[in-house]
Amino acid sequence: MTSGITSGLAYLPGGRPGPGVLAEVSLELLDIGPAHLALPEVIVRDERAGVLFGGVDLHVEPAAGGGPVGTPEDQLRARAFGVVNVAFHAQRALRTANNLLGRPLPRLLVRIGMHEQSRRWGGGHYRVAARQFDPAEPVEVEASGEVHLGGGSVYLAGVSGEPYWNAPAHNLAIVYHEVGHHICRHTADFRLNHLRPALHQTNKKVAIDEGTCDLLTAIMLDEPDIYGWHRVGLPATDQRRRMLDPRWTMAHFHGGTADPHADGTLWASACWSARSAVIGGGHGPDRFDRMLLRGMELSARLSGTKLSEQALRRRRYFAGMLEAMLLADPDLTDPVLAGMAAHGIRPGVSNAELRDRARAGLAAVTVR
Ligand SMILES: [Zn+2]
């Protein structure tokens with residue numbers, strides 16, 4: 001086929017309950033195959049059997065996510081829609097990051113329908129090449145990183161309350177979060193994978209990585225309750241909802257072996273407050289987003305060229321990332337410090353110390 005701008009159907013943020021607002025969107029396409037779309041920034045491939053695209057028409061209906069009780073035709077349609085939906089949103093996120101950074105990130109591979117052999121999988125994960133994987137990977141993983149999405153595991157309520165199969169490829173929050181890990185890997189690189197052999201990297205994620213991905217998701221959705229569709233059963237007061245909210249401060253930080261997603265919510269919420277303060281000061285949201293992306297890139301450079309336990313520990317500190325952001329755009333220091341301080345985060349202090357101070361009631365210190 002000839003490459004170029006083409007149109008198709010995808011979900012746009014909004015329209016809850018439900019996965020989004022169905023709309024015609026434009027994407028730049030290089031190539032289309034029976035079950036894949038190749039774009040300049042991303043290749044999206046459904047790894048299950050079957051022909052999804054017989055031609056170049058990307059106007060495929062979502063078929064309520066397909067699902068096990070749908071007809072075989074509905075399941076194929078839902079899978080084709082999922083490929084288009086992921087391609088559009090991955091391209092949108094990566095183009096946003098590329099523009100803010102002023103350079104292109106490595107092309108991303110997204111595989112859909114993975115890890116379905118022994119159970120249904122409703123999630124997603126980001127993987128770089130490593131010696132071992134948990135769960136084991138049935139395929140060779142690209143050194144530059146790939147996103148894997150399951151085929152879905154549960155029905156949720158659609159727009160009108162009808163059953164909707166929560167296929168991760170239809171769920172914008174899952175897609176943006178996982179693409180966020182690719183952006184993190186090639187900027188902040190919280191695990192210093194660029195200092196490891198390309199085929200022996202680590203996939204262990206830390207709280208600041210998970211929190212930054214949730215923040216990037218909120219930025220792309222323009223919505224702090226990022227998982228408000230599929231986690232609606234959890235109250236907003238439950239940290240596992242992972243809603244970006246002023247209530248989460250360092251007093252709620254656990255650290256150690258605790259779930260990095262829940263701890264990441266504190267960092268994401270603090271950044272969201274800082275972003276709101278920047279906007280409240282009369283700046284456009286892009287100003288904060290550029291500071292964030294450039295700060296992420298700068299933080300990796302500041303961490304040096306030696307892979308050590310100490311360097312890895314410092315990469316986990318929220319304060320270290322904050323300091324790099326302030327270096328990236330010093331003019332935003334006041335609103336960003338004010339937003340962070342409301343969550344008990346300030347420069348020069350480890351996560352454990354920030355937690356202890358917040359729990360001791362010192363979090364109200366306002367940095368001016
Ligand atoms: Zn994650």
# chains A, B, ... in the order shown; residues from 1 in each chain; ligands from 1
>>> residues_near_ligand(ligand="ligand 1", cutoff="12 Å", atoms="only C-alpha atoms and all ligand atoms", output="VMD selection string")
chain A and resid 123 to 127 147 to 149 173 to 185 203 to 217 242 259 to 265
>>> residues_around(residues="A:Ala10", least_positions_apart="5", cutoff="10 Å", atoms="only C-alpha atoms", output="list in words")
Gly20, Val21, Leu22, Ala23, Glu24, Val25, Ser26, Leu58, His59, Val60, Glu61, Pro62, Phe81, Gly82, Val83, Val84, Asn85, Val86, Ala87, Phe88, His89, His170 and Leu172 of chain A
>>> select_by_dssp(residues="stretch 57-122 of chain A", states="strand (DSSP E or B)", output="number ranges by chain")
A: 58, 108-112
>>> select_by_dssp(residues="stretch 101-329 of chain A", states="helix (DSSP H, G or I)", output="ChimeraX atom specification")
/A:101,168-170,172-185,193-195,207-221,239-241,250-252,260-280,285-302,309-315,318-328
>>> residues_around(residues="stretch 107-121 of chain A", least_positions_apart="6", cutoff="6 Å", atoms="only C-alpha atoms", output="MDAnalysis selection string")
chainID A and resid 41:47 146:153
>>> atom_distance(atom1="atom CA of A:Trp165", atom2="atom CA of A:Arg231")
14.1 Å
>>> atom_distance(atom1="atom CA of A:Pro335", atom2="atom CA of A:Ile226")
23.5 Å
>>> residues_around(residues="A:Leu293", least_positions_apart="4", cutoff="10 Å", atoms="only C-alpha atoms", output="list in words")
Ala97, Asn98, Asn99, Leu100, Leu101, Ile183, Cys184, Thr187, Ala188, Leu216, Phe288, Asp289, Glu297, Leu298, Ser299, Met325 and Ala328 of chain A
>>> residues_around(residues="A:Arg301", least_positions_apart="3", cutoff="12 Å", atoms="only C-alpha atoms", output="number ranges by chain")
A: 186-190, 192, 194-195, 294-298, 304-306, 311, 315, 321, 324
>>> residues_around(residues="A:Arg275", least_positions_apart="4", cutoff="9 Å", atoms="only C-alpha atoms", output="MDAnalysis selection string")
chainID A and resid 270:271 279:280 285 287:289 335:336 339
>>> write_last_selection(atoms="N, CA, C and O atoms", output="PDB file, in the first residue's frame")
ATOM      1  N   ALA A 270       1.339  14.270  43.056  1.00  0.00           N
ATOM      2  CA  ALA A 270       2.125  15.480  43.332  1.00  0.00           C
ATOM      3  C   ALA A 270       2.448  16.219  42.031  1.00  0.00           C
ATOM      4  O   ALA A 270       2.357  17.452  41.957  1.00  0.00           O
ATOM      5  N   CYS A 271       2.810  15.463  40.996  1.00  0.00           N
ATOM      6  CA  CYS A 271       3.106  16.093  39.701  1.00  0.00           C
ATOM      7  C   CYS A 271       1.842  16.738  39.122  1.00  0.00           C
ATOM      8  O   CYS A 271       1.906  17.808  38.512  1.00  0.00           O
ATOM      9  N   ILE A 279      -0.379  25.752  35.519  1.00  0.00           N
ATOM     10  CA  ILE A 279      -1.490  26.242  34.687  1.00  0.00           C
ATOM     11  C   ILE A 279      -2.170  27.427  35.395  1.00  0.00           C
ATOM     12  O   ILE A 279      -2.504  28.435  34.766  1.00  0.00           O
ATOM     13  N   GLY A 280      -2.338  27.290  36.712  1.00  0.00           N
ATOM     14  CA  GLY A 280      -2.958  28.372  37.500  1.00  0.00           C
ATOM     15  C   GLY A 280      -2.146  29.657  37.453  1.00  0.00           C
ATOM     16  O   GLY A 280      -2.686  30.756  37.631  1.00  0.00           O
ATOM     17  N   PRO A 285      -0.431  24.084  29.650  1.00  0.00           N
ATOM     18  CA  PRO A 285      -0.020  22.785  30.195  1.00  0.00           C
ATOM     19  C   PRO A 285       1.247  22.232  29.532  1.00  0.00           C
ATOM     20  O   PRO A 285       2.020  21.525  30.174  1.00  0.00           O
ATOM     21  N   ARG A 287       3.869  23.679  28.960  1.00  0.00           N
ATOM     22  CA  ARG A 287       5.067  24.199  29.639  1.00  0.00           C
ATOM     23  C   ARG A 287       5.513  23.201  30.714  1.00  0.00           C
ATOM     24  O   ARG A 287       6.695  22.874  30.835  1.00  0.00           O
ATOM     25  N   PHE A 288       4.546  22.705  31.494  1.00  0.00           N
ATOM     26  CA  PHE A 288       4.894  21.699  32.506  1.00  0.00           C
ATOM     27  C   PHE A 288       5.329  20.396  31.824  1.00  0.00           C
ATOM     28  O   PHE A 288       6.293  19.751  32.247  1.00  0.00           O
ATOM     29  N   ASP A 289       4.609  20.006  30.780  1.00  0.00           N
ATOM     30  CA  ASP A 289       4.910  18.718  30.139  1.00  0.00           C
ATOM     31  C   ASP A 289       6.327  18.705  29.555  1.00  0.00           C
ATOM     32  O   ASP A 289       7.027  17.697  29.626  1.00  0.00           O
ATOM     33  N   PRO A 335       5.768  27.578  41.382  1.00  0.00           N
ATOM     34  CA  PRO A 335       4.536  26.788  41.358  1.00  0.00           C
ATOM     35  C   PRO A 335       4.791  25.285  41.503  1.00  0.00           C
ATOM     36  O   PRO A 335       4.000  24.582  42.147  1.00  0.00           O
ATOM     37  N   VAL A 336       5.898  24.797  40.960  1.00  0.00           N
ATOM     38  CA  VAL A 336       6.160  23.353  41.039  1.00  0.00           C
ATOM     39  C   VAL A 336       6.500  22.948  42.470  1.00  0.00           C
ATOM     40  O   VAL A 336       5.986  21.947  42.985  1.00  0.00           O
ATOM     41  N   GLY A 339       3.254  22.964  44.480  1.00  0.00           N
ATOM     42  CA  GLY A 339       2.414  21.788  44.200  1.00  0.00           C
ATOM     43  C   GLY A 339       2.975  20.536  44.856  1.00  0.00           C
ATOM     44  O   GLY A 339       2.244  19.741  45.449  1.00  0.00           O
TER      45      GLY A 339
END
>>> closest_residue(among="A:Ala130, A:Ala93, A:Val154, A:Ala268", to="A:Pro168", atoms="only C-alpha atoms")
A:Val154
>>> atom_distance(atom1="atom CA of A:Ala277", atom2="atom CA of A:Leu326")
14.2 Å
>>> residues_around(residues="A:Leu266", least_positions_apart="5", cutoff="7 Å", atoms="only C-alpha atoms", output="ChimeraX atom specification")
/A:248-250
>>> write_last_selection(atoms="N, CA and C atoms", output="PDB file, in the first residue's frame")
ATOM      1  N   TRP A 248      -3.369  12.178  48.356  1.00  0.00           N
ATOM      2  CA  TRP A 248      -2.237  11.251  48.515  1.00  0.00           C
ATOM      3  C   TRP A 248      -0.954  12.023  48.779  1.00  0.00           C
ATOM      4  N   THR A 249      -0.389  11.818  49.962  1.00  0.00           N
ATOM      5  CA  THR A 249       0.866  12.493  50.332  1.00  0.00           C
ATOM      6  C   THR A 249       1.897  11.439  50.715  1.00  0.00           C
ATOM      7  N   MET A 250       3.103  11.895  51.002  1.00  0.00           N
ATOM      8  CA  MET A 250       4.167  10.962  51.373  1.00  0.00           C
ATOM      9  C   MET A 250       3.814  10.175  52.639  1.00  0.00           C
TER      10      MET A 250
END
>>> closest_residue(among="A:Arg357, A:Asn171, A:Gly65, A:Ser276", to="A:Leu221", atoms="only C-alpha atoms")
A:Asn171
>>> closest_residue(among="A:Tyr227, A:Phe253, A:Phe133, A:Tyr11", to="A:Trp267", atoms="only C-alpha atoms")
A:Phe253
